[in-house]
Amino acid sequence: MNAGGWITMLVSLAVVWGGTFWCFRRVLRTPQDEKAPPGLGP
Amino acid sequence: MDLRMASAQQEQWGTKLGVILAVAGSAVGLGNFLRFPGQAAANGGGAFLIPYFAALLLLGIPIGWAEWAMGRYGGKKGLHSAPAIMGLMAKGAVGRYLGVIGVLIPLGVSFYYVFIEAWTFGYFLKYLAGGIGVDVSAPIADQAAAASTFYNTFTGNAGDGVLFSRDGMLTILSWAIVFAINIIFVYRGLSKGIEKFCSYAMPAMAILALIVLIRVLTLGTPDPNLPDQNVINGLGYMWNPDYSKLGSFQTWLAAAGQVFFTLSVGFGVIINYSSYLKRNDDVALSSLTASATNELFEVGFGGMITLTAAFVFLGLSGTAAAVATGSFSLGFATLPVVFAHMGALGNIVGAAWFFMLFLAAITSSLSMYQPAVALVKESLGWAHGKSTAAVAVLGTIGAFLTLWFTEGGSFWSTVDFWVGTLLIFVMAGVQIIYFGWVFGIERGWKELHAGASLQIPPVFKFVMKYVAPTYLIVVFAGFCAQNLGASVTASWATTGSRVGMITIGATLALLVLIVRAGEARWKRDGIDINDTQPAD
């Protein structure tokens with residue numbers, strides 16, 4: 001693998017892993033809404 | 001009880017994370033692991049990621065935001081089907097009937113997708129039982145021939161109706177099992193069925209992908225006599241950039257197409273799923289998180305596993321030949337040869353791989369029935385069980401035709417082109433244009449940010465109104481110029497393809513009739529179906 005391959009691979013992996021981690025961290029830090037009361041399911 | 005009250009009592013997502021995993025599950029499918037690496041390798045390797053991420057930012061993510069916002073807005077009015085929601089966006093019947101496409105796509109795709117899902121399940125069972133019979137002591141050509149023979153027999157590729165002979169028993173059995181699982185979870189409903197399934201299946205899929213990835217990255221140089229066939233060169237086959245390809249329109253078209261299909265935008269699922277959110281549930285961050293999860297599976301796993309493994313055992317020419325034969329052949333005929341070369345662990349890795357593909361497929365197929373179930377429920381006023389049963393009958397008819405007309409995949413490839421490819425462009429175009437130009441970008445932007453956990457950069461307002469529709473129209477024109485002529489001819493060339501076209505027409509007609517009945521019912525119930533009064 002040449003230098004260009006390493007760079008594109010590492011940058012792409014950093015974007016997708018970092019982006020996913022960042023998104024889930026924000027989702028999990030946001031207070032979750034209370035669940036629907038029992039008995040009101042489909 | 002009006003429709004809005006009834007709806008509120010019927011279905012709702014349990015948790016914020018649950019809906020994100022369900023949408024991500026819908027998006028992550030076989031294409032993430034099989035189609036993406038082939039497209040990248042054939043269109044500039046690492047350089048492909050430049051147009052790919054450009055399309056993600058300017059096309060996929062903005063249309064996804066619009067679709068999430070439209071769906072939640074529909075839910076505020078107690079409406080959940082794409083036709084009803086598009087009627088709100090368009091303020092009239094034209095949008096409502098164009099919205100039928102948003103039900104036709106997932107339902108039509110489900111006809112053949114569950115069949116392909118059955119392949120993954122059947123292969124998984126075969127690997128648990130010892131593999132598909134590839135003899136590694138035979139010449140490589142014979143190994144490939146053995147894997148291809150199994151693939152053709154298992155998928156019925158050799159002739160129409162052969163799956164109903166003794167050779168097709170495992171295929172039919174696999175289909176029956178996965179179809180039953182799908183219907184059971186759809187019947188259980190959103191929160192107790194789809195959400196619960198995805199909340200286990202998505203982490204399980206990530207763990208399996210990680211196991212397979214680690215195994216592939218630690219393969220080293222399996223054959224010392226072939227030192228060039230090693231993991232680093234395998235990664236290079238996928239990632240070494242060929243920047244000259246960036247000057248080709250084909251590369252940009254392939255990248256936009258890949259982004260478009262992988263995110264499931266314009267598919268009719270997101271608009272339906274997001275309609276079950278609560279009034280002020282976040283959509284901005286949820287949409288972005290679902291897209292990011294999909295990209296992790298596509299680039300982070302699909303881009304690292306499939307071609308690297310093939311290269312290490314098959315070399316440059318063997319991998320190039322496998323890519324040229326297409327995604328399914330790569331996954332189901334080439335990789336079994338690779339697993340056979342992994343020694344004692346080969347069957348375990350093969351089982352893990354195909355079970356991971358099965359999870360990717362079933363989390364997608366589960367989402368394909370829900371839009372049709374929602375339409376039947378709110379148009380005809382049927383109960384959830386009766387609506388699910390009606391959709392299951394349609395799914396069974398579609399699946400029977402897929403299972404019968406298997407020769408060369410003539411039936412399902414016809415439905416795949418017209419419904420699973422071309423109409424997705426149309427639906428996404430309709431959605432983003434109505435959102436930006438009829439519902440209005442200012443109102444849409446406000447709707448998108450109601451309850452949002454994320455402030456979207458204002459430049460995306462411009463992107464959603466001007467850039468995404470223009471980008472989409474250019475890509476669609478390029479796609480049509482490249483494919484339409486040959487596909488029109490192919491769509492009437494065989495009995496299977498003709499039946500495919502008739503099936504599409506019949507399904508469309510049925511859905512239009514259901515929407516027509518729903519329109520009358522909603523008007524009778526006093527629902528504001530043309531959005532004369534804003535939901536807020």
# chains A, B, ... in the order shown; residues from 1 in each chain; ligands from 1
>>> interface_residues(of="chain B", to="chain A", cutoff="7 Å", atoms="only C-alpha atoms", output="MDAnalysis selection string")
chainID B and resid 9:11 14:16 46 189 232:233 235:236 239:241 289 292:293 295:296 300
>>> write_last_selection(atoms="C-alpha atoms", output="PDB file, in the first residue's frame")
ATOM      1  CA  GLN B   9     -52.382   5.390  21.557  1.00  0.00           C
ATOM      2  CA  GLN B  10     -51.257   2.864  19.028  1.00  0.00           C
ATOM      3  CA  GLU B  11     -47.611   3.215  18.152  1.00  0.00           C
ATOM      4  CA  GLY B  14     -39.765   3.440  23.184  1.00  0.00           C
ATOM      5  CA  THR B  15     -36.450   5.320  23.313  1.00  0.00           C
ATOM      6  CA  LYS B  16     -34.444   7.842  21.323  1.00  0.00           C
ATOM      7  CA  GLY B  46      -9.054   5.835  -1.949  1.00  0.00           C
ATOM      8  CA  GLY B 189     -45.227  -3.538  16.514  1.00  0.00           C
ATOM      9  CA  ILE B 232      -1.094  -4.687   3.496  1.00  0.00           C
ATOM     10  CA  ASN B 233      -1.298  -5.166  -0.268  1.00  0.00           C
ATOM     11  CA  LEU B 235      -5.701  -2.975   1.877  1.00  0.00           C
ATOM     12  CA  GLY B 236      -3.750  -1.207  -0.864  1.00  0.00           C
ATOM     13  CA  TRP B 239      -7.394   2.141  -0.700  1.00  0.00           C
ATOM     14  CA  ASN B 240      -4.526   3.171  -3.010  1.00  0.00           C
ATOM     15  CA  PRO B 241      -5.902   6.306  -4.665  1.00  0.00           C
ATOM     16  CA  THR B 289     -26.305   9.537  14.171  1.00  0.00           C
ATOM     17  CA  ALA B 292     -22.882   7.992  10.917  1.00  0.00           C
ATOM     18  CA  THR B 293     -23.650   4.447  12.090  1.00  0.00           C
ATOM     19  CA  GLU B 295     -20.987   4.931   7.421  1.00  0.00           C
ATOM     20  CA  LEU B 296     -19.135   3.110  10.175  1.00  0.00           C
ATOM     21  CA  GLY B 300     -15.066   1.173   8.642  1.00  0.00           C
TER      22      GLY B 300
END
>>> select_by_dssp(residues="range 76-233 of chain B", states="helix (DSSP H, G or I)", output="MDAnalysis selection string")
chainID B and resid 76 82:90 93:98 101:128 140:155 162:164 166:188 190:217 231:233
>>> residues_around(residues="range 113-115 of chain B", least_positions_apart="2", cutoff="8 Å", atoms="only C-alpha atoms", output="ChimeraX atom specification")
/B:109-111,117-119,175,178-179,361-362,365,399,402-403
>>> residues_around(residues="Leu277 in chain B", least_positions_apart="5", cutoff="12 Å", atoms="only C-alpha atoms", output="PyMOL selection string")
(chain A and resi 33+35-36) or (chain B and resi 7-8+11-20+68-80+190-191+270-272+282-283+286+451)
>>> write_last_selection(atoms="N, CA and C atoms", output="mmCIF file, in the first residue's frame")
data_model
loop_
_atom_site.group_PDB
_atom_site.id
_atom_site.type_symbol
_atom_site.label_atom_id
_atom_site.label_comp_id
_atom_site.auth_asym_id
_atom_site.auth_seq_id
_atom_site.Cartn_x
_atom_site.Cartn_y
_atom_site.Cartn_z
ATOM 1 N N ASP A 33 -36.093 10.753 26.735
ATOM 2 C CA ASP A 33 -37.495 10.977 27.082
ATOM 3 C C ASP A 33 -38.007 9.790 27.872
ATOM 4 N N LYS A 35 -40.241 6.751 28.840
ATOM 5 C CA LYS A 35 -40.859 5.761 27.957
ATOM 6 C C LYS A 35 -42.371 5.884 27.986
ATOM 7 N N ALA A 36 -42.993 5.402 26.932
ATOM 8 C CA ALA A 36 -44.450 5.424 26.876
ATOM 9 C C ALA A 36 -45.015 4.579 28.009
ATOM 10 N N SER B 7 -53.905 7.258 16.818
ATOM 11 C CA SER B 7 -52.512 7.046 16.478
ATOM 12 C C SER B 7 -51.617 7.147 17.700
ATOM 13 N N ALA B 8 -51.890 8.169 18.518
ATOM 14 C CA ALA B 8 -51.053 8.393 19.693
ATOM 15 C C ALA B 8 -51.110 7.206 20.633
ATOM 16 N N GLU B 11 -49.007 3.522 18.397
ATOM 17 C CA GLU B 11 -47.611 3.215 18.152
ATOM 18 C C GLU B 11 -46.720 4.384 18.508
ATOM 19 N N GLN B 12 -45.603 4.081 19.101
ATOM 20 C CA GLN B 12 -44.617 5.085 19.435
ATOM 21 C C GLN B 12 -43.297 4.380 19.706
ATOM 22 N N TRP B 13 -42.207 5.047 19.395
ATOM 23 C CA TRP B 13 -40.907 4.472 19.725
ATOM 24 C C TRP B 13 -40.712 4.500 21.233
ATOM 25 N N GLY B 14 -39.992 3.501 21.751
ATOM 26 C CA GLY B 14 -39.765 3.440 23.184
ATOM 27 C C GLY B 14 -38.702 4.422 23.637
ATOM 28 N N THR B 15 -37.569 4.458 22.911
ATOM 29 C CA THR B 15 -36.450 5.320 23.313
ATOM 30 C C THR B 15 -35.857 6.010 22.092
ATOM 31 N N LYS B 16 -35.125 7.096 22.390
ATOM 32 C CA LYS B 16 -34.444 7.842 21.323
ATOM 33 C C LYS B 16 -33.404 6.951 20.638
ATOM 34 N N LEU B 17 -32.656 6.212 21.448
ATOM 35 C CA LEU B 17 -31.629 5.330 20.902
ATOM 36 C C LEU B 17 -32.266 4.234 20.045
ATOM 37 N N GLY B 18 -33.444 3.796 20.470
ATOM 38 C CA GLY B 18 -34.140 2.732 19.748
ATOM 39 C C GLY B 18 -34.468 3.127 18.318
ATOM 40 N N VAL B 19 -34.989 4.344 18.131
ATOM 41 C CA VAL B 19 -35.346 4.763 16.775
ATOM 42 C C VAL B 19 -34.099 4.970 15.932
ATOM 43 N N ILE B 20 -33.021 5.451 16.547
ATOM 44 C CA ILE B 20 -31.764 5.636 15.792
ATOM 45 C C ILE B 20 -31.249 4.278 15.306
ATOM 46 N N TRP B 68 -36.604 13.087 7.860
ATOM 47 C CA TRP B 68 -36.917 12.936 9.295
ATOM 48 C C TRP B 68 -37.895 14.034 9.743
ATOM 49 N N ALA B 69 -37.618 15.275 9.311
ATOM 50 C CA ALA B 69 -38.476 16.391 9.736
ATOM 51 C C ALA B 69 -39.891 16.247 9.169
ATOM 52 N N MET B 70 -39.988 15.827 7.905
ATOM 53 C CA MET B 70 -41.312 15.641 7.288
ATOM 54 C C MET B 70 -42.101 14.551 8.005
ATOM 55 N N GLY B 71 -41.429 13.460 8.321
ATOM 56 C CA GLY B 71 -42.110 12.357 8.990
ATOM 57 C C GLY B 71 -42.647 12.773 10.347
ATOM 58 N N ARG B 72 -41.799 13.459 11.126
ATOM 59 C CA ARG B 72 -42.269 13.861 12.460
ATOM 60 C C ARG B 72 -43.422 14.854 12.348
ATOM 61 N N TYR B 73 -43.365 15.725 11.340
ATOM 62 C CA TYR B 73 -44.452 16.682 11.144
ATOM 63 C C TYR B 73 -45.763 15.932 10.845
ATOM 64 N N GLY B 74 -45.682 14.907 9.999
ATOM 65 C CA GLY B 74 -46.872 14.099 9.706
ATOM 66 C C GLY B 74 -47.422 13.447 10.953
ATOM 67 N N GLY B 75 -46.512 12.949 11.790
ATOM 68 C CA GLY B 75 -46.934 12.305 13.028
ATOM 69 C C GLY B 75 -47.684 13.247 13.947
ATOM 70 N N LYS B 76 -47.323 14.532 13.914
ATOM 71 C CA LYS B 76 -48.026 15.517 14.751
ATOM 72 C C LYS B 76 -49.490 15.623 14.348
ATOM 73 N N LYS B 77 -49.771 15.329 13.075
ATOM 74 C CA LYS B 77 -51.153 15.370 12.614
ATOM 75 C C LYS B 77 -51.794 13.984 12.646
ATOM 76 N N GLY B 78 -51.098 13.030 13.237
ATOM 77 C CA GLY B 78 -51.654 11.680 13.362
ATOM 78 C C GLY B 78 -51.527 10.860 12.099
ATOM 79 N N LEU B 79 -50.677 11.288 11.173
ATOM 80 C CA LEU B 79 -50.523 10.568 9.903
ATOM 81 C C LEU B 79 -49.140 9.923 9.835
ATOM 82 N N HIS B 80 -49.084 8.709 9.280
ATOM 83 C CA HIS B 80 -47.835 7.963 9.314
ATOM 84 C C HIS B 80 -47.390 7.407 7.964
ATOM 85 N N LEU B 190 -43.940 -1.538 16.596
ATOM 86 C CA LEU B 190 -42.703 -0.762 16.537
ATOM 87 C C LEU B 190 -41.810 -0.984 17.738
ATOM 88 N N SER B 191 -42.322 -0.669 18.917
ATOM 89 C CA SER B 191 -41.498 -0.666 20.106
ATOM 90 C C SER B 191 -41.135 -2.081 20.555
ATOM 91 N N ILE B 270 -37.692 6.095 6.303
ATOM 92 C CA ILE B 270 -37.384 7.131 7.303
ATOM 93 C C ILE B 270 -38.618 8.000 7.566
ATOM 94 N N ILE B 271 -39.313 8.372 6.499
ATOM 95 C CA ILE B 271 -40.481 9.248 6.647
ATOM 96 C C ILE B 271 -41.561 8.564 7.501
ATOM 97 N N ASN B 272 -41.664 7.262 7.356
ATOM 98 C CA ASN B 272 -42.630 6.503 8.154
ATOM 99 C C ASN B 272 -42.141 6.328 9.587
ATOM 100 N N ASP B 282 -35.919 15.031 19.194
ATOM 101 C CA ASP B 282 -34.890 15.516 18.273
ATOM 102 C C ASP B 282 -34.925 14.736 16.951
ATOM 103 N N VAL B 283 -34.769 15.449 15.850
ATOM 104 C CA VAL B 283 -34.570 14.744 14.572
ATOM 105 C C VAL B 283 -33.195 15.069 13.968
ATOM 106 N N SER B 286 -30.503 12.805 15.646
ATOM 107 C CA SER B 286 -30.867 11.398 15.413
ATOM 108 C C SER B 286 -30.580 10.996 13.973
ATOM 109 N N GLY B 451 -36.996 21.031 19.084
ATOM 110 C CA GLY B 451 -36.537 19.982 20.002
ATOM 111 C C GLY B 451 -35.178 19.414 19.657
#
>>> atom_distance(atom1="CA of Ala255 in chain B", atom2="CA of Tyr52 in chain B")
4.7 Å
>>> residues_around(residues="range 204-208 of chain B", least_positions_apart="3", cutoff="7 Å", atoms="only C-alpha atoms", output="PDB file with C-alpha atoms, in the first residue's frame")
ATOM      1  CA  TYR B 200     -29.968  -6.367  20.035  1.00  0.00           C
ATOM      2  CA  ALA B 201     -29.152  -7.014  16.388  1.00  0.00           C
ATOM      3  CA  ILE B 211     -14.387 -10.283  14.960  1.00  0.00           C
ATOM      4  CA  VAL B 212     -14.236 -10.834  11.193  1.00  0.00           C
ATOM      5  CA  ALA B 352     -19.850 -15.279  11.586  1.00  0.00           C
ATOM      6  CA  MET B 356     -23.546 -10.760  10.229  1.00  0.00           C
ATOM      7  CA  LEU B 359     -28.492  -9.392  10.666  1.00  0.00           C
TER       8      LEU B 359
END
>>> atom_distance(atom1="CA of Ala481 in chain B", atom2="CA of Ala82 in chain B")
28.6 Å
>>> residues_around(residues="range 511-519 of chain B", least_positions_apart="2", cutoff="12 Å", atoms="only C-alpha atoms", output="mmCIF file with N, CA and C atoms, in the first residue's frame")
data_model
loop_
_atom_site.group_PDB
_atom_site.id
_atom_site.type_symbol
_atom_site.label_atom_id
_atom_site.label_comp_id
_atom_site.auth_asym_id
_atom_site.auth_seq_id
_atom_site.Cartn_x
_atom_site.Cartn_y
_atom_site.Cartn_z
ATOM 1 N N LEU B 3 -58.331 10.312 14.382
ATOM 2 C CA LEU B 3 -57.160 9.560 13.943
ATOM 3 C C LEU B 3 -55.924 9.898 14.769
ATOM 4 N N LEU B 79 -50.677 11.288 11.173
ATOM 5 C CA LEU B 79 -50.523 10.568 9.903
ATOM 6 C C LEU B 79 -49.140 9.923 9.835
ATOM 7 N N SER B 81 -48.277 7.391 6.993
ATOM 8 C CA SER B 81 -47.884 6.807 5.702
ATOM 9 C C SER B 81 -47.285 7.891 4.816
ATOM 10 N N ALA B 82 -46.392 7.487 3.927
ATOM 11 C CA ALA B 82 -45.739 8.453 3.029
ATOM 12 C C ALA B 82 -46.764 9.227 2.188
ATOM 13 N N PRO B 83 -47.810 8.573 1.633
ATOM 14 C CA PRO B 83 -48.771 9.364 0.855
ATOM 15 C C PRO B 83 -49.435 10.460 1.686
ATOM 16 N N ALA B 84 -49.865 10.121 2.895
ATOM 17 C CA ALA B 84 -50.541 11.121 3.725
ATOM 18 C C ALA B 84 -49.589 12.260 4.086
ATOM 19 N N ILE B 85 -48.346 11.917 4.418
ATOM 20 C CA ILE B 85 -47.382 12.948 4.822
ATOM 21 C C ILE B 85 -46.974 13.809 3.626
ATOM 22 N N MET B 86 -46.795 13.172 2.474
ATOM 23 C CA MET B 86 -46.448 13.964 1.288
ATOM 24 C C MET B 86 -47.604 14.871 0.878
ATOM 25 N N GLY B 87 -48.835 14.430 1.161
ATOM 26 C CA GLY B 87 -49.996 15.287 0.915
ATOM 27 C C GLY B 87 -49.946 16.550 1.760
ATOM 28 N N GLY B 92 -51.770 19.036 -1.023
ATOM 29 C CA GLY B 92 -52.775 18.594 -1.988
ATOM 30 C C GLY B 92 -52.574 17.175 -2.478
ATOM 31 N N ALA B 93 -53.464 16.792 -3.400
ATOM 32 C CA ALA B 93 -53.543 15.406 -3.848
ATOM 33 C C ALA B 93 -52.341 14.974 -4.685
ATOM 34 N N VAL B 94 -51.710 15.898 -5.399
ATOM 35 C CA VAL B 94 -50.588 15.503 -6.260
ATOM 36 C C VAL B 94 -49.480 14.886 -5.403
ATOM 37 N N GLY B 95 -49.121 15.569 -4.330
ATOM 38 C CA GLY B 95 -48.093 15.044 -3.432
ATOM 39 C C GLY B 95 -48.529 13.743 -2.795
ATOM 40 N N ARG B 96 -49.834 13.671 -2.481
ATOM 41 C CA ARG B 96 -50.348 12.455 -1.831
ATOM 42 C C ARG B 96 -50.152 11.245 -2.748
ATOM 43 N N TYR B 97 -50.470 11.415 -4.025
ATOM 44 C CA TYR B 97 -50.339 10.271 -4.936
ATOM 45 C C TYR B 97 -48.883 10.017 -5.318
ATOM 46 N N LEU B 98 -48.064 11.059 -5.351
ATOM 47 C CA LEU B 98 -46.629 10.819 -5.557
ATOM 48 C C LEU B 98 -46.052 10.067 -4.354
ATOM 49 N N GLY B 99 -46.649 10.324 -3.197
ATOM 50 C CA GLY B 99 -46.202 9.646 -1.976
ATOM 51 C C GLY B 99 -46.428 8.149 -2.000
ATOM 52 N N VAL B 100 -47.271 7.669 -2.909
ATOM 53 C CA VAL B 100 -47.482 6.222 -3.049
ATOM 54 C C VAL B 100 -46.150 5.522 -3.344
ATOM 55 N N ILE B 101 -45.266 6.253 -4.031
ATOM 56 C CA ILE B 101 -43.945 5.678 -4.350
ATOM 57 C C ILE B 101 -43.215 5.291 -3.062
ATOM 58 N N GLY B 102 -43.448 6.077 -2.005
ATOM 59 C CA GLY B 102 -42.787 5.817 -0.734
ATOM 60 C C GLY B 102 -43.281 4.565 -0.034
ATOM 61 N N VAL B 103 -44.361 3.976 -0.522
ATOM 62 C CA VAL B 103 -44.814 2.678 -0.003
ATOM 63 C C VAL B 103 -44.460 1.577 -1.002
ATOM 64 N N LEU B 104 -44.574 1.933 -2.290
ATOM 65 C CA LEU B 104 -44.252 0.949 -3.340
ATOM 66 C C LEU B 104 -42.796 0.492 -3.235
ATOM 67 N N ILE B 105 -41.882 1.441 -2.953
ATOM 68 C CA ILE B 105 -40.449 1.075 -2.921
ATOM 69 C C ILE B 105 -40.167 0.015 -1.851
ATOM 70 N N LEU B 107 -42.147 -1.957 -0.164
ATOM 71 C CA LEU B 107 -42.913 -3.196 -0.349
ATOM 72 C C LEU B 107 -42.372 -3.989 -1.546
ATOM 73 N N GLY B 108 -42.128 -3.300 -2.660
ATOM 74 C CA GLY B 108 -41.614 -3.971 -3.855
ATOM 75 C C GLY B 108 -40.238 -4.565 -3.604
ATOM 76 N N PRO B 371 -43.989 0.526 6.359
ATOM 77 C CA PRO B 371 -44.699 1.592 5.636
ATOM 78 C C PRO B 371 -46.022 1.130 5.031
ATOM 79 N N ALA B 372 -46.036 -0.104 4.508
ATOM 80 C CA ALA B 372 -47.280 -0.616 3.919
ATOM 81 C C ALA B 372 -48.304 -0.916 5.007
ATOM 82 N N VAL B 373 -47.847 -1.468 6.133
ATOM 83 C CA VAL B 373 -48.755 -1.735 7.256
ATOM 84 C C VAL B 373 -49.388 -0.420 7.724
ATOM 85 N N ALA B 374 -48.557 0.614 7.824
ATOM 86 C CA ALA B 374 -49.069 1.926 8.268
ATOM 87 C C ALA B 374 -50.108 2.464 7.303
ATOM 88 N N LEU B 375 -49.873 2.317 6.007
ATOM 89 C CA LEU B 375 -50.823 2.826 5.003
ATOM 90 C C LEU B 375 -52.159 2.088 5.094
ATOM 91 N N VAL B 376 -52.094 0.757 5.190
ATOM 92 C CA VAL B 376 -53.328 -0.027 5.273
ATOM 93 C C VAL B 376 -54.114 0.352 6.527
ATOM 94 N N LYS B 377 -53.402 0.497 7.642
ATOM 95 C CA LYS B 377 -54.075 0.836 8.908
ATOM 96 C C LYS B 377 -54.789 2.173 8.827
ATOM 97 N N GLU B 378 -54.070 3.199 8.357
ATOM 98 C CA GLU B 378 -54.698 4.517 8.430
ATOM 99 C C GLU B 378 -55.612 4.816 7.241
ATOM 100 N N SER B 379 -55.456 4.069 6.146
ATOM 101 C CA SER B 379 -56.357 4.300 5.007
ATOM 102 C C SER B 379 -57.646 3.517 5.142
ATOM 103 N N LEU B 380 -57.527 2.266 5.560
ATOM 104 C CA LEU B 380 -58.705 1.405 5.608
ATOM 105 C C LEU B 380 -59.263 1.287 7.023
ATOM 106 N N GLY B 381 -58.517 1.774 8.010
ATOM 107 C CA GLY B 381 -58.997 1.711 9.389
ATOM 108 C C GLY B 381 -58.920 0.319 9.969
ATOM 109 N N TRP B 382 -58.071 -0.529 9.383
ATOM 110 C CA TRP B 382 -57.960 -1.901 9.883
ATOM 111 C C TRP B 382 -57.080 -1.943 11.129
ATOM 112 N N SER B 387 -53.928 -5.631 9.321
ATOM 113 C CA SER B 387 -53.093 -4.921 8.348
ATOM 114 C C SER B 387 -51.799 -5.678 8.092
ATOM 115 N N VAL B 391 -50.498 -7.314 4.500
ATOM 116 C CA VAL B 391 -49.177 -7.049 3.911
ATOM 117 C C VAL B 391 -48.383 -8.352 3.782
ATOM 118 N N LEU B 394 -49.452 -10.011 0.604
ATOM 119 C CA LEU B 394 -48.796 -9.379 -0.547
ATOM 120 C C LEU B 394 -47.322 -9.793 -0.625
ATOM 121 N N ILE B 504 -45.076 -4.874 -10.643
ATOM 122 C CA ILE B 504 -44.895 -3.479 -10.217
ATOM 123 C C ILE B 504 -46.178 -2.690 -10.496
ATOM 124 N N GLY B 505 -46.713 -2.867 -11.714
ATOM 125 C CA GLY B 505 -47.929 -2.139 -12.094
ATOM 126 C C GLY B 505 -49.113 -2.488 -11.208
ATOM 127 N N ALA B 506 -49.268 -3.781 -10.933
ATOM 128 C CA ALA B 506 -50.403 -4.230 -10.115
ATOM 129 C C ALA B 506 -50.276 -3.719 -8.685
ATOM 130 N N THR B 507 -49.059 -3.765 -8.143
ATOM 131 C CA THR B 507 -48.854 -3.285 -6.773
ATOM 132 C C THR B 507 -49.119 -1.785 -6.692
ATOM 133 N N LEU B 508 -48.648 -1.071 -7.692
ATOM 134 C CA LEU B 508 -48.869 0.378 -7.723
ATOM 135 C C LEU B 508 -50.368 0.694 -7.765
ATOM 136 N N ALA B 509 -51.092 -0.034 -8.630
ATOM 137 C CA ALA B 509 -52.537 0.199 -8.759
ATOM 138 C C ALA B 509 -53.248 -0.066 -7.435
ATOM 139 N N ARG B 521 -61.632 8.600 3.605
ATOM 140 C CA ARG B 521 -61.815 8.365 5.035
ATOM 141 C C ARG B 521 -61.288 9.531 5.871
ATOM 142 N N TRP B 522 -60.105 10.027 5.491
ATOM 143 C CA TRP B 522 -59.505 11.128 6.256
ATOM 144 C C TRP B 522 -60.376 12.375 6.152
ATOM 145 N N LYS B 523 -60.911 12.619 4.949
ATOM 146 C CA LYS B 523 -61.770 13.797 4.770
ATOM 147 C C LYS B 523 -63.022 13.663 5.632
ATOM 148 N N ARG B 524 -63.562 12.440 5.619
ATOM 149 C CA ARG B 524 -64.773 12.172 6.395
ATOM 150 C C ARG B 524 -64.517 12.387 7.898
ATOM 151 N N ASP B 525 -63.297 12.039 8.320
ATOM 152 C CA ASP B 525 -62.949 12.183 9.743
ATOM 153 C C ASP B 525 -62.489 13.596 10.100
ATOM 154 N N GLY B 526 -62.468 14.484 9.118
ATOM 155 C CA GLY B 526 -62.096 15.872 9.381
ATOM 156 C C GLY B 526 -60.610 16.096 9.572
ATOM 157 N N ILE B 527 -59.790 15.195 9.035
ATOM 158 C CA ILE B 527 -58.332 15.369 9.137
ATOM 159 C C ILE B 527 -57.897 16.447 8.138
ATOM 160 N N ASP B 528 -56.983 17.286 8.568
ATOM 161 C CA ASP B 528 -56.483 18.378 7.724
ATOM 162 C C ASP B 528 -55.425 17.830 6.759
ATOM 163 N N ILE B 529 -55.867 17.065 5.762
ATOM 164 C CA ILE B 529 -54.910 16.335 4.916
ATOM 165 C C ILE B 529 -54.157 17.241 3.952
ATOM 166 N N ASN B 530 -54.640 18.467 3.742
ATOM 167 C CA ASN B 530 -53.920 19.386 2.848
ATOM 168 C C ASN B 530 -53.136 20.442 3.629
#
>>> residues_around(residues="Leu163 in chain B", least_positions_apart="2", cutoff="9 Å", atoms="only C-alpha atoms", output="ChimeraX atom specification")
/B:153-156,159-161,165-172,403-404,406
>>> atom_distance(atom1="CA of Ala40 in chain B", atom2="CA of Thr306 in chain B")
11.8 Å
>>> decode(residues="range 451-457 of chain B", atoms="N, CA, C and O atoms", output="PDB file, in the first residue's frame")
ATOM      1  N   GLY B 451     -36.996  21.031  19.084  1.00  0.00           N
ATOM      2  CA  GLY B 451     -36.537  19.982  20.002  1.00  0.00           C
ATOM      3  C   GLY B 451     -35.178  19.414  19.657  1.00  0.00           C
ATOM      4  O   GLY B 451     -34.785  18.370  20.178  1.00  0.00           O
ATOM      5  N   ALA B 452     -34.437  20.091  18.773  1.00  0.00           N
ATOM      6  CA  ALA B 452     -33.179  19.521  18.280  1.00  0.00           C
ATOM      7  C   ALA B 452     -32.079  19.554  19.327  1.00  0.00           C
ATOM      8  O   ALA B 452     -31.954  20.514  20.087  1.00  0.00           O
ATOM      9  N   SER B 453     -31.264  18.504  19.348  1.00  0.00           N
ATOM     10  CA  SER B 453     -30.107  18.455  20.231  1.00  0.00           C
ATOM     11  C   SER B 453     -28.869  18.951  19.501  1.00  0.00           C
ATOM     12  O   SER B 453     -27.761  18.821  19.997  1.00  0.00           O
ATOM     13  N   LEU B 454     -29.079  19.474  18.310  1.00  0.00           N
ATOM     14  CA  LEU B 454     -27.946  19.875  17.467  1.00  0.00           C
ATOM     15  C   LEU B 454     -28.368  21.079  16.633  1.00  0.00           C
ATOM     16  O   LEU B 454     -29.464  21.082  16.057  1.00  0.00           O
ATOM     17  N   GLN B 455     -27.521  22.114  16.606  1.00  0.00           N
ATOM     18  CA  GLN B 455     -27.786  23.249  15.731  1.00  0.00           C
ATOM     19  C   GLN B 455     -27.071  22.986  14.403  1.00  0.00           C
ATOM     20  O   GLN B 455     -25.847  22.950  14.343  1.00  0.00           O
ATOM     21  N   ILE B 456     -27.836  22.810  13.354  1.00  0.00           N
ATOM     22  CA  ILE B 456     -27.231  22.526  12.050  1.00  0.00           C
ATOM     23  C   ILE B 456     -26.674  23.827  11.478  1.00  0.00           C
ATOM     24  O   ILE B 456     -27.350  24.865  11.526  1.00  0.00           O
ATOM     25  N   PRO B 457     -25.443  23.827  10.928  1.00  0.00           N
ATOM     26  CA  PRO B 457     -24.884  25.046  10.352  1.00  0.00           C
ATOM     27  C   PRO B 457     -25.834  25.636   9.295  1.00  0.00           C
ATOM     28  O   PRO B 457     -26.374  24.893   8.463  1.00  0.00           O
TER      29      PRO B 457
END
